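One file, my_file24.tsv, is given below (TSV, C-alpha atoms and all ligand atoms).
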chain	number	residue	atom	x	y	z
A	487	MET	CA	9.33	27.75	-19.81
A	488	ASP	CA	8.51	25.20	-22.53
A	489	PRO	CA	8.74	21.78	-20.73
A	490	GLY	CA	10.39	20.34	-23.85
A	491	SER	CA	13.34	22.74	-23.52
A	492	GLN	CA	14.34	21.55	-20.03
A	493	LEU	CA	17.13	18.95	-20.02
A	494	ILE	CA	16.17	15.69	-18.25
A	495	ARG	CA	19.29	14.02	-16.88
A	496	LEU	CA	19.21	10.23	-16.51
A	497	ALA	CA	21.61	7.27	-16.52
A	498	VAL	CA	21.88	3.50	-16.29
A	499	PHE	CA	24.41	1.81	-13.99
A	500	GLY	CA	25.77	-1.72	-14.36
A	501	LYS	CA	28.80	-3.83	-15.19
A	502	PRO	CA	29.26	-4.51	-18.07
A	503	ILE	CA	27.24	-1.60	-19.45
A	504	ALA	CA	28.60	-0.79	-22.92
A	505	GLN	CA	26.11	-3.23	-24.51
A	506	SER	CA	23.07	-1.60	-22.86
A	507	LEU	CA	20.22	-0.60	-25.18
A	508	SER	CA	18.75	1.72	-22.54
A	509	PRO	CA	20.38	4.99	-23.78
A	510	ARG	CA	19.00	4.25	-27.25
A	511	ILE	CA	15.50	3.37	-25.96
A	512	HIS	CA	15.21	6.44	-23.75
A	513	GLY	CA	16.55	8.60	-26.57
A	514	LEU	CA	13.73	7.28	-28.79
A	515	PHE	CA	11.15	7.97	-26.03
A	516	ALA	CA	12.45	11.54	-25.73
A	517	GLN	CA	12.23	12.03	-29.50
A	518	GLN	CA	8.69	10.63	-29.55
A	519	LEU	CA	7.54	12.98	-26.76
A	520	GLY	CA	9.52	16.05	-27.81
A	521	LEU	CA	11.64	16.07	-24.65
A	522	LYS	CA	15.36	16.77	-24.19
A	523	VAL	CA	17.03	13.85	-22.44
A	524	ASP	CA	20.67	13.22	-21.53
A	525	TYR	CA	20.76	9.49	-20.67
A	526	ARG	CA	24.22	8.06	-19.93
A	527	ALA	CA	25.54	4.53	-19.47
A	528	ILE	CA	27.83	4.47	-16.43
A	529	GLU	CA	29.93	1.44	-15.55
A	530	ALA	CA	29.85	0.69	-11.83
A	531	GLY	CA	30.36	-2.32	-9.58
A	532	PRO	CA	28.99	-2.73	-6.05
A	533	LYS	CA	31.91	-0.75	-4.55
A	534	SER	CA	31.74	2.37	-6.77
A	535	PHE	CA	27.95	2.42	-7.24
A	536	PRO	CA	26.95	4.30	-4.01
A	537	ARG	CA	29.43	7.12	-4.76
A	538	LEU	CA	28.59	7.36	-8.47
A	539	VAL	CA	24.82	7.29	-7.98
A	540	THR	CA	25.10	9.96	-5.25
A	541	GLU	CA	27.11	12.15	-7.65
A	542	LEU	CA	24.43	11.68	-10.31
A	543	ALA	CA	21.64	12.63	-7.91
A	544	LYS	CA	23.56	15.73	-6.76
A	545	SER	CA	24.08	16.79	-10.38
A	546	GLY	CA	20.33	17.39	-10.71
A	547	ALA	CA	19.35	14.12	-12.43
A	548	CYS	CA	15.74	12.88	-12.14
A	549	GLY	CA	16.75	9.28	-11.54
A	550	CYS	CA	18.44	6.24	-13.03
A	551	ASN	CA	18.08	2.67	-14.15
A	552	ILE	CA	20.10	-0.10	-12.57
A	553	THR	CA	21.06	-3.40	-14.15
A	554	ALA	CA	23.22	-6.40	-13.14
A	555	PRO	CA	24.90	-6.73	-10.71
A	556	LEU	CA	23.50	-3.71	-8.83
A	557	LYS	CA	19.74	-4.21	-8.55
A	558	ARG	CA	19.85	-5.38	-4.94
A	559	ASP	CA	22.30	-2.62	-3.96
A	560	ALA	CA	19.98	-0.01	-5.49
A	561	TRP	CA	16.98	-1.33	-3.55
A	562	LYS	CA	18.97	-1.14	-0.30
A	563	LEU	CA	20.10	2.45	-0.94
A	564	ALA	CA	16.60	3.92	-1.33
A	565	ALA	CA	14.68	5.35	1.62
A	566	ARG	CA	11.33	4.28	0.15
A	567	CYS	CA	10.39	1.57	-2.30
A	568	SER	CA	7.40	0.16	-4.19
A	569	ALA	CA	5.73	-3.14	-3.28
A	570	SER	CA	7.22	-4.79	-6.39
A	571	SER	CA	10.71	-3.66	-5.42
A	572	SER	CA	10.44	-4.88	-1.84
A	573	ARG	CA	8.99	-8.23	-3.00
A	574	ALA	CA	11.89	-8.70	-5.46
A	575	GLU	CA	14.42	-7.23	-2.99
A	576	ALA	CA	15.79	-5.47	-6.07
A	577	ALA	CA	15.26	-2.24	-8.00
A	578	ASN	CA	15.75	-1.43	-11.67
A	579	THR	CA	14.67	2.21	-11.22
A	580	LEU	CA	15.56	4.96	-8.76
A	581	VAL	CA	13.71	8.27	-8.67
A	582	PHE	CA	15.52	11.23	-7.07
A	583	PHE	CA	13.12	13.71	-5.45
A	584	ASP	CA	13.89	17.41	-4.90
A	585	THR	CA	13.73	16.72	-1.14
A	586	GLY	CA	16.85	14.54	-1.52
A	587	GLU	CA	14.84	11.35	-0.92
A	588	TRP	CA	15.33	8.33	-3.23
A	589	TYR	CA	12.48	6.03	-4.25
A	590	ALA	CA	13.10	2.52	-5.65
A	591	ASP	CA	10.81	0.65	-8.01
A	592	ASN	CA	11.09	-2.53	-10.04
A	593	THR	CA	9.33	-2.19	-13.40
A	594	ASP	CA	10.61	-5.50	-14.86
A	595	GLY	CA	7.54	-7.55	-13.92
A	596	ARG	CA	5.00	-4.96	-15.10
A	597	GLY	CA	7.06	-4.61	-18.30
A	598	LEU	CA	6.87	-8.36	-18.89
A	599	VAL	CA	3.12	-8.47	-18.26
A	600	HIS	CA	2.60	-5.47	-20.54
A	601	ASP	CA	4.56	-7.10	-23.34
A	602	LEU	CA	2.73	-10.41	-23.01
A	603	GLU	CA	-0.73	-8.84	-22.88
A	604	SER	CA	-0.42	-5.91	-25.27
A	605	LEU	CA	2.12	-7.03	-27.79
A	606	ALA	CA	2.07	-10.83	-27.78
A	607	GLY	CA	-1.72	-11.03	-27.16
A	608	PHE	CA	-1.45	-13.35	-24.18
A	609	SER	CA	-4.38	-13.78	-21.78
A	610	PHE	CA	-3.40	-14.55	-18.17
A	611	SER	CA	-6.89	-15.45	-17.01
A	612	GLY	CA	-6.97	-19.21	-16.25
A	613	ALA	CA	-3.45	-19.78	-17.63
A	614	ASN	CA	-1.07	-22.44	-16.32
A	615	ILE	CA	2.41	-20.93	-16.40
A	616	CYS	CA	5.86	-22.46	-15.96
A	617	LEU	CA	8.68	-20.11	-14.88
A	618	LEU	CA	12.11	-21.61	-15.62
A	619	GLY	CA	14.73	-20.25	-13.20
A	620	ALA	CA	14.67	-18.91	-9.63
A	621	GLY	CA	17.45	-16.30	-9.63
A	622	GLY	CA	17.25	-12.52	-9.69
A	623	ALA	CA	15.51	-12.36	-13.08
A	624	ALA	CA	12.72	-14.70	-11.92
A	625	ALA	CA	12.35	-12.94	-8.54
A	626	GLY	CA	11.98	-9.59	-10.30
A	627	VAL	CA	8.91	-10.62	-12.30
A	628	LEU	CA	7.09	-13.17	-10.16
A	629	ALA	CA	4.83	-10.81	-8.17
A	630	ALA	CA	3.61	-9.02	-11.32
A	631	LEU	CA	2.94	-12.38	-13.01
A	632	MET	CA	0.90	-13.57	-10.02
A	633	GLN	CA	-1.01	-10.26	-9.91
A	634	ALA	CA	-1.94	-10.67	-13.60
A	635	GLY	CA	-4.29	-13.47	-12.47
A	636	PRO	CA	-3.12	-16.83	-13.88
A	637	ALA	CA	-4.64	-20.11	-12.60
A	638	ASN	CA	-1.24	-21.35	-11.43
A	639	ILE	CA	2.51	-20.70	-11.67
A	640	VAL	CA	5.08	-23.50	-11.38
A	641	ILE	CA	8.68	-22.41	-10.73
A	642	ALA	CA	11.21	-24.95	-12.04
A	643	ASN	CA	14.84	-24.62	-11.05
A	644	ARG	CA	18.00	-26.74	-11.06
A	645	THR	CA	18.57	-25.83	-7.41
A	646	ALA	CA	15.26	-26.89	-5.89
A	647	SER	CA	15.70	-24.90	-2.65
A	648	ARG	CA	15.79	-21.58	-4.57
A	649	ALA	CA	12.50	-22.40	-6.33
A	650	ASP	CA	10.93	-23.47	-3.01
A	651	GLU	CA	12.02	-20.25	-1.30
A	652	LEU	CA	10.70	-18.05	-4.12
A	653	ALA	CA	7.36	-19.88	-4.17
A	654	GLU	CA	7.00	-19.55	-0.39
A	655	ARG	CA	7.78	-15.81	-0.52
A	656	HIS	CA	4.93	-15.29	-3.06
A	657	ALA	CA	2.41	-17.83	-1.74
A	658	ASP	CA	0.09	-15.06	-0.45
A	659	LEU	CA	-0.45	-13.84	-4.03
A	660	GLY	CA	-2.14	-16.99	-5.36
A	661	PRO	CA	-1.57	-20.62	-6.46
A	662	ILE	CA	2.15	-21.21	-6.87
A	663	SER	CA	4.31	-24.35	-6.80
A	664	SER	CA	7.94	-25.31	-7.24
A	665	CYS	CA	9.68	-28.26	-8.85
A	666	THR	CA	12.89	-29.41	-10.52
A	667	PRO	CA	13.36	-29.24	-14.32
A	668	ALA	CA	12.78	-33.02	-14.47
A	669	GLN	CA	9.30	-32.58	-12.94
A	670	VAL	CA	8.08	-29.83	-15.31
A	671	ALA	CA	6.19	-32.28	-17.54
A	672	SER	CA	4.02	-33.50	-14.67
A	673	TRP	CA	2.41	-30.03	-14.33
A	674	ALA	CA	1.80	-29.63	-18.10
A	675	PRO	CA	0.08	-28.50	-20.29
A	676	TYR	CA	1.18	-24.83	-20.05
A	677	GLU	CA	-0.24	-21.84	-21.86
A	678	LEU	CA	3.07	-20.08	-21.19
A	679	VAL	CA	6.64	-21.14	-20.39
A	680	ILE	CA	8.96	-18.25	-19.42
A	681	ASN	CA	12.71	-18.60	-19.58
A	682	ALA	CA	14.25	-16.66	-16.68
A	683	THR	CA	17.47	-18.70	-16.54
A	684	SER	CA	20.85	-17.23	-17.46
A	685	LEU	CA	21.65	-20.14	-19.81
A	686	GLY	CA	21.36	-18.00	-22.97
A	687	HIS	CA	24.36	-15.89	-21.91
A	688	GLY	CA	26.47	-19.06	-22.06
A	689	GLY	CA	25.12	-19.93	-25.52
A	690	THR	CA	22.76	-22.70	-24.41
A	691	ALA	CA	19.02	-23.10	-23.79
A	692	PRO	CA	16.93	-24.90	-21.17
A	693	GLU	CA	15.49	-28.25	-22.21
A	694	LEU	CA	11.93	-27.87	-23.54
A	695	SER	CA	9.45	-30.32	-24.97
A	696	SER	CA	6.61	-29.40	-27.35
A	697	SER	CA	4.43	-31.82	-25.32
A	698	TRP	CA	4.52	-29.36	-22.39
A	699	PHE	CA	2.48	-26.77	-24.28
A	700	ALA	CA	-1.29	-26.39	-24.45
A	701	THR	CA	-2.77	-25.68	-27.89
A	702	GLY	CA	-1.80	-22.09	-28.73
A	703	GLY	CA	0.78	-22.10	-25.89
A	704	MET	CA	3.96	-20.07	-26.18
A	705	CYS	CA	7.48	-19.77	-24.86
A	706	TYR	CA	8.60	-16.29	-23.71
A	707	ASP	CA	12.34	-15.73	-23.34
A	708	MET	CA	13.38	-12.90	-21.01
A	709	ASN	CA	16.61	-12.75	-23.02
A	710	TYR	CA	17.00	-10.67	-26.17
A	711	GLY	CA	19.78	-10.21	-28.73
A	712	PRO	CA	22.45	-12.92	-29.01
A	713	ALA	CA	21.50	-14.45	-25.62
A	714	ALA	CA	18.07	-15.25	-27.07
A	715	ASN	CA	19.39	-17.16	-30.10
A	716	PRO	CA	19.79	-20.63	-28.50
A	717	LEU	CA	16.19	-20.84	-27.23
A	718	GLU	CA	14.74	-19.26	-30.35
A	719	GLN	CA	16.48	-21.93	-32.44
A	720	LEU	CA	15.37	-24.74	-30.13
A	721	CYS	CA	11.74	-23.57	-30.27
A	722	ALA	CA	11.90	-23.30	-34.07
A	723	GLN	CA	13.19	-26.91	-34.26
A	724	LYS	CA	10.42	-28.15	-31.98
A	725	GLY	CA	7.60	-26.10	-33.53
A	726	ILE	CA	7.01	-24.07	-30.34
A	727	SER	CA	5.71	-20.50	-30.65
A	728	TYR	CA	8.45	-18.17	-29.34
A	729	CYS	CA	8.83	-14.53	-28.29
A	730	ASP	CA	12.08	-12.88	-27.12
A	731	GLY	CA	12.33	-10.34	-24.31
A	732	LEU	CA	12.99	-7.18	-26.33
A	733	GLY	CA	9.40	-6.03	-25.82
A	734	MET	CA	9.78	-6.50	-22.06
A	735	LEU	CA	12.95	-4.39	-22.15
A	736	VAL	CA	11.17	-1.52	-23.92
A	737	ALA	CA	8.05	-1.82	-21.73
A	738	GLN	CA	10.00	-1.75	-18.43
A	739	ALA	CA	11.93	1.26	-19.75
A	740	ALA	CA	8.67	3.05	-20.61
A	741	LEU	CA	7.41	2.53	-17.04
A	742	SER	CA	10.66	4.00	-15.66
A	743	PHE	CA	10.40	6.95	-18.05
A	744	GLU	CA	6.87	7.60	-16.83
A	745	LEU	CA	8.05	7.57	-13.19
A	746	TRP	CA	10.69	10.22	-13.96
A	747	THR	CA	8.77	12.48	-16.36
A	748	GLY	CA	5.06	11.74	-15.88
A	749	GLN	CA	4.83	11.12	-19.64
A	750	VAL	CA	3.88	7.77	-21.18
A	751	PRO	CA	5.94	6.65	-24.20
A	752	GLN	CA	4.46	4.47	-26.96
A	753	VAL	CA	6.19	1.09	-26.49
A	754	ALA	CA	5.12	-0.47	-29.81
A	755	ASP	CA	6.68	2.32	-31.92
A	756	VAL	CA	10.07	2.08	-30.22
A	757	LEU	CA	10.04	-1.72	-30.30
A	758	HIS	CA	9.31	-1.58	-34.03
A	759	GLN	CA	12.27	0.76	-34.59
A	760	LEU	CA	14.64	-1.49	-32.59
A	761	ARG	CA	13.52	-4.61	-34.45
A	762	GLN	CA	13.97	-2.87	-37.80
A	763	ALA	CA	17.46	-1.72	-36.85
A	764	ALA	CA	18.37	-5.29	-35.77
A	765	GLY	CA	17.28	-6.50	-39.23
B	801	LIG	P1	19.83	-13.74	-12.90
B	801	LIG	O1	19.95	-12.50	-12.07
B	801	LIG	O2	20.14	-13.53	-14.36
B	801	LIG	O3	18.55	-14.47	-12.68
B	801	LIG	P2	21.11	-15.65	-11.22
B	801	LIG	O4	20.50	-15.08	-10.00
B	801	LIG	O5	22.54	-16.13	-11.18
B	801	LIG	O6	21.07	-14.65	-12.43
B	801	LIG	O7	20.17	-16.87	-11.70
B	801	LIG	C1	20.45	-17.64	-12.83
B	801	LIG	C2	19.34	-18.65	-13.03
B	801	LIG	O8	19.68	-19.49	-14.16
B	801	LIG	C3	19.14	-19.58	-11.85
B	801	LIG	O9	17.81	-20.00	-11.81
B	801	LIG	C4	20.09	-20.73	-12.22
B	801	LIG	O10	19.79	-21.95	-11.60
B	801	LIG	P3	20.41	-22.29	-10.13
B	801	LIG	O11	19.59	-21.50	-9.16
B	801	LIG	O12	20.25	-23.75	-10.01
B	801	LIG	O13	21.86	-21.83	-10.19
B	801	LIG	C5	19.80	-20.84	-13.71
B	801	LIG	N1	20.93	-21.52	-14.37
B	801	LIG	C6	22.14	-20.99	-14.64
B	801	LIG	N2	22.94	-21.91	-15.24
B	801	LIG	C7	22.20	-23.06	-15.33
B	801	LIG	C8	22.44	-24.35	-15.87
B	801	LIG	N3	23.61	-24.67	-16.44
B	801	LIG	N4	21.44	-25.26	-15.80
B	801	LIG	C9	20.25	-24.95	-15.24
B	801	LIG	N5	19.94	-23.72	-14.72
B	801	LIG	C10	20.90	-22.80	-14.77
Would you put the structure from the file into C-alpha cells?
Ligand code: ATR
Amino acid sequence: MDPGSQLIRLAVFGKPIAQSLSPRIHGLFAQQLGLKVDYRAIEAGPKSFPRLVTELAKSGACGCNITAPLKRDAWKLAARCSASSSRAEAANTLVFFDTGEWYADNTDGRGLVHDLESLAGFSFSGANICLLGAGGAAAGVLAALMQAGPANIVIANRTASRADELAERHADLGPISSCTPAQVASWAPYELVINATSLGHGGTAPELSSSWFATGGMCYDMNYGPAANPLEQLCAQKGISYCDGLGMLVAQAALSFELWTGQVPQVADVLHQLRQAAG
C-alpha cells in the first residue's frame, strides 16, 4: 500500500485547547510530506485525560501531544520515557506502540535548541545564559539547554527555592546557578536571556535591562502570539534583540511528528507559512 494513503491519527490534549496551533502545524507537515493526517484538538483536564487518551490509543492512533495542564499526568501514565521526559517530570509527546505500550518524550527543550541554533543563528559554545522562571516551562527545556554546551546557565526566579531546586536537579549536566530576579545583573553579561515565566499570559513582561546583554546578545521569549507582545515591546524600547517562541513551537512539533511517523518535516517552511498568515 502507498504509505501516503494510510491515515495517521493524532491529537493534542489540554485545557484550554481551542487556541492550539498544533492541528494547523501538523496539517502543514502532512501536506509537506504527502501524508494523510487526522490531528484533533481534544479538551481534557486531569480527571478526564486518562480515559480520553486511552480511548484515542484504542482507536488506532499513533500518539498525541499534551499541553498544559497535563504534561506531568502524561509522563506518569507512560510505561517508558525518554531521559528528557524523566528529567522534566513531564511529557509533551506520547507514542502508542502496537504492543499497547506507551512511550513518553519531551521535545520542548530540543525544539528550543533547534530554533536557537538553526533559525536564530545562536551559538551555545561558551555562552552565558540567563533562564527567567523556574516553573514547568523552564523545567521542560533546562536539560536540553545544558546539553547544548553553554559555559553557564543562571536560573532566576521570584520564588528562590524553585530556582535552587531546579539547579540542583540539573547540576550533573554542567555549570548551573540560581538567583533571584534582583541578582540577575551580578551574573551579566549574557549572550542569551530566555523568558520562561508565565507573565506574558497576564499581559506583562519580566524586568530586563539592556546592560545585562553581551554585544550581539539576544532575548528569546518562549511565548508566542499575544502572550509574546509585552516582552517584544519592552525589548524594542530598550534596543534588545528579540525572538519569540513560534520557532520553538514548530520545532518541538517536528520532533514529535518524527517520533510518530519516522519522517522529518522542514521546520523553516512551516514557520514561514505561520508567520505570513499572522501578518
Ligand atoms: P509554566 O508551566 O508556564 O512554567 P508555572 O509552573 O506556574 O507555569 O510557572 C510560572 C513561572 O512564571 C514561575 O517561574 C513563576 O514564578 P514563581 O515560581 O515565583 O511563581 C513565574 N511568574 C509567574 N508570575 C510571576 C510574577 N508576577 N512575577 C515573577 N514571576 C512570575
Output as AutoDock Vina command-line options the centre and edge lengths (Å, one decimal) of the box along x, y and z of the file that holds every listed atom of ligand LIG 801 (chain B) after adding 6 Å on each side.
--center_x 20.7 --center_y -18.9 --center_z -12.8 --size_x 17.8 --size_y 24.8 --size_z 19.3
Compile the contact shell of segment 546-554 of chain A as a PDB file with C-alpha atoms, in the coordinates of the input: residues with an atom at most 8 Å away, counting only C-alpha atoms, same-chain residues fewer than 3 positions apart removed.
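Generated output (around-v1.pdb):
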ATOM      1  CA  ILE A 494      16.170  15.690 -18.250  1.00  0.00           C
ATOM      2  CA  ARG A 495      19.290  14.020 -16.880  1.00  0.00           C
ATOM      3  CA  LEU A 496      19.210  10.230 -16.510  1.00  0.00           C
ATOM      4  CA  ALA A 497      21.610   7.270 -16.520  1.00  0.00           C
ATOM      5  CA  VAL A 498      21.880   3.500 -16.290  1.00  0.00           C
ATOM      6  CA  PHE A 499      24.410   1.810 -13.990  1.00  0.00           C
ATOM      7  CA  GLY A 500      25.770  -1.720 -14.360  1.00  0.00           C
ATOM      8  CA  LYS A 501      28.800  -3.830 -15.190  1.00  0.00           C
ATOM      9  CA  LEU A 542      24.430  11.680 -10.310  1.00  0.00           C
ATOM     10  CA  ALA A 543      21.640  12.630  -7.910  1.00  0.00           C
ATOM     11  CA  LYS A 557      19.740  -4.210  -8.550  1.00  0.00           C
ATOM     12  CA  ALA A 560      19.980  -0.010  -5.490  1.00  0.00           C
ATOM     13  CA  ALA A 577      15.260  -2.240  -8.000  1.00  0.00           C
ATOM     14  CA  ASN A 578      15.750  -1.430 -11.670  1.00  0.00           C
ATOM     15  CA  THR A 579      14.670   2.210 -11.220  1.00  0.00           C
ATOM     16  CA  LEU A 580      15.560   4.960  -8.760  1.00  0.00           C
ATOM     17  CA  VAL A 581      13.710   8.270  -8.670  1.00  0.00           C
ATOM     18  CA  PHE A 582      15.520  11.230  -7.070  1.00  0.00           C
ATOM     19  CA  PHE A 583      13.120  13.710  -5.450  1.00  0.00           C
ATOM     20  CA  SER A 742      10.660   4.000 -15.660  1.00  0.00           C
ATOM     21  CA  TRP A 746      10.690  10.220 -13.960  1.00  0.00           C
TER      22      TRP A 746
END
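Taking only C-alpha atoms and all ligand atoms into account, every polymer residue with at least one atom at most 8 Å away from ligand LIG 801 (chain B) is listed here: Ala554, Pro555, Leu618, Gly619, Ala620, Gly621, Gly622, Ala623, Ala624, Ala625, Asn643, Arg644, Thr645, Ala646, Arg648, Ala649, Ala682, Thr683, Ser684, Leu685 and Pro692 of chain A.
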Limited to C-alpha atoms, could you put the picked residues into a file as a compact mmCIF listing (two decimals), in the frame of the given file?
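Below you can see out-v4.txt, which holds the result:
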# COMPACT_ATOMS: atom_id res chain seq x y z
CA ALA A 554 23.22 -6.40 -13.14
CA PRO A 555 24.90 -6.73 -10.71
CA LEU A 618 12.11 -21.61 -15.62
CA GLY A 619 14.73 -20.25 -13.20
CA ALA A 620 14.67 -18.91 -9.63
CA GLY A 621 17.45 -16.30 -9.63
CA GLY A 622 17.25 -12.52 -9.69
CA ALA A 623 15.51 -12.36 -13.08
CA ALA A 624 12.72 -14.70 -11.92
CA ALA A 625 12.35 -12.94 -8.54
CA ASN A 643 14.84 -24.62 -11.05
CA ARG A 644 18.00 -26.74 -11.06
CA THR A 645 18.57 -25.83 -7.41
CA ALA A 646 15.26 -26.89 -5.89
CA ARG A 648 15.79 -21.58 -4.57
CA ALA A 649 12.50 -22.40 -6.33
CA ALA A 682 14.25 -16.66 -16.68
CA THR A 683 17.47 -18.70 -16.54
CA SER A 684 20.85 -17.23 -17.46
CA LEU A 685 21.65 -20.14 -19.81
CA PRO A 692 16.93 -24.90 -21.17
For this session: Just give me the residues with any atom within 10 Å of (10.1, -25.0, -22.7), file coordinates, counting only C-alpha atoms, written as a PyMOL selection string.
Result: chain A and resi 616-618+667+670-671+676+678-681+691-699+704-707+717+720-721+724+726+728
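Using all atoms listed in the file, the smallest distance between any of A:Val523, A:Leu732, A:Ile503, A:Leu563 and Gln759 of chain A comes from A:Leu732.
Distance annotation: of A:Leu556, A:Ala713, A:Met632, A:Ile662, the residue with the minimal separation from Glu529 of chain A is A:Leu556; atom set is only C-alpha atoms.
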Exercise. Quick one: residues within 10 Å of Trp673 of chain A, all atoms listed in the file counted, chain neighbours fewer than 5 positions away excluded, as a ChimeraX atom specification?
Worked result: /A:614-616,638-640,663,665,698
Problem set entry | Minimum-distance residue to Ala739 of chain A, chosen among A:Gln633, A:Ser534, A:Asn592, A:Ser611 (using all atoms listed in the file) | A:Asn592
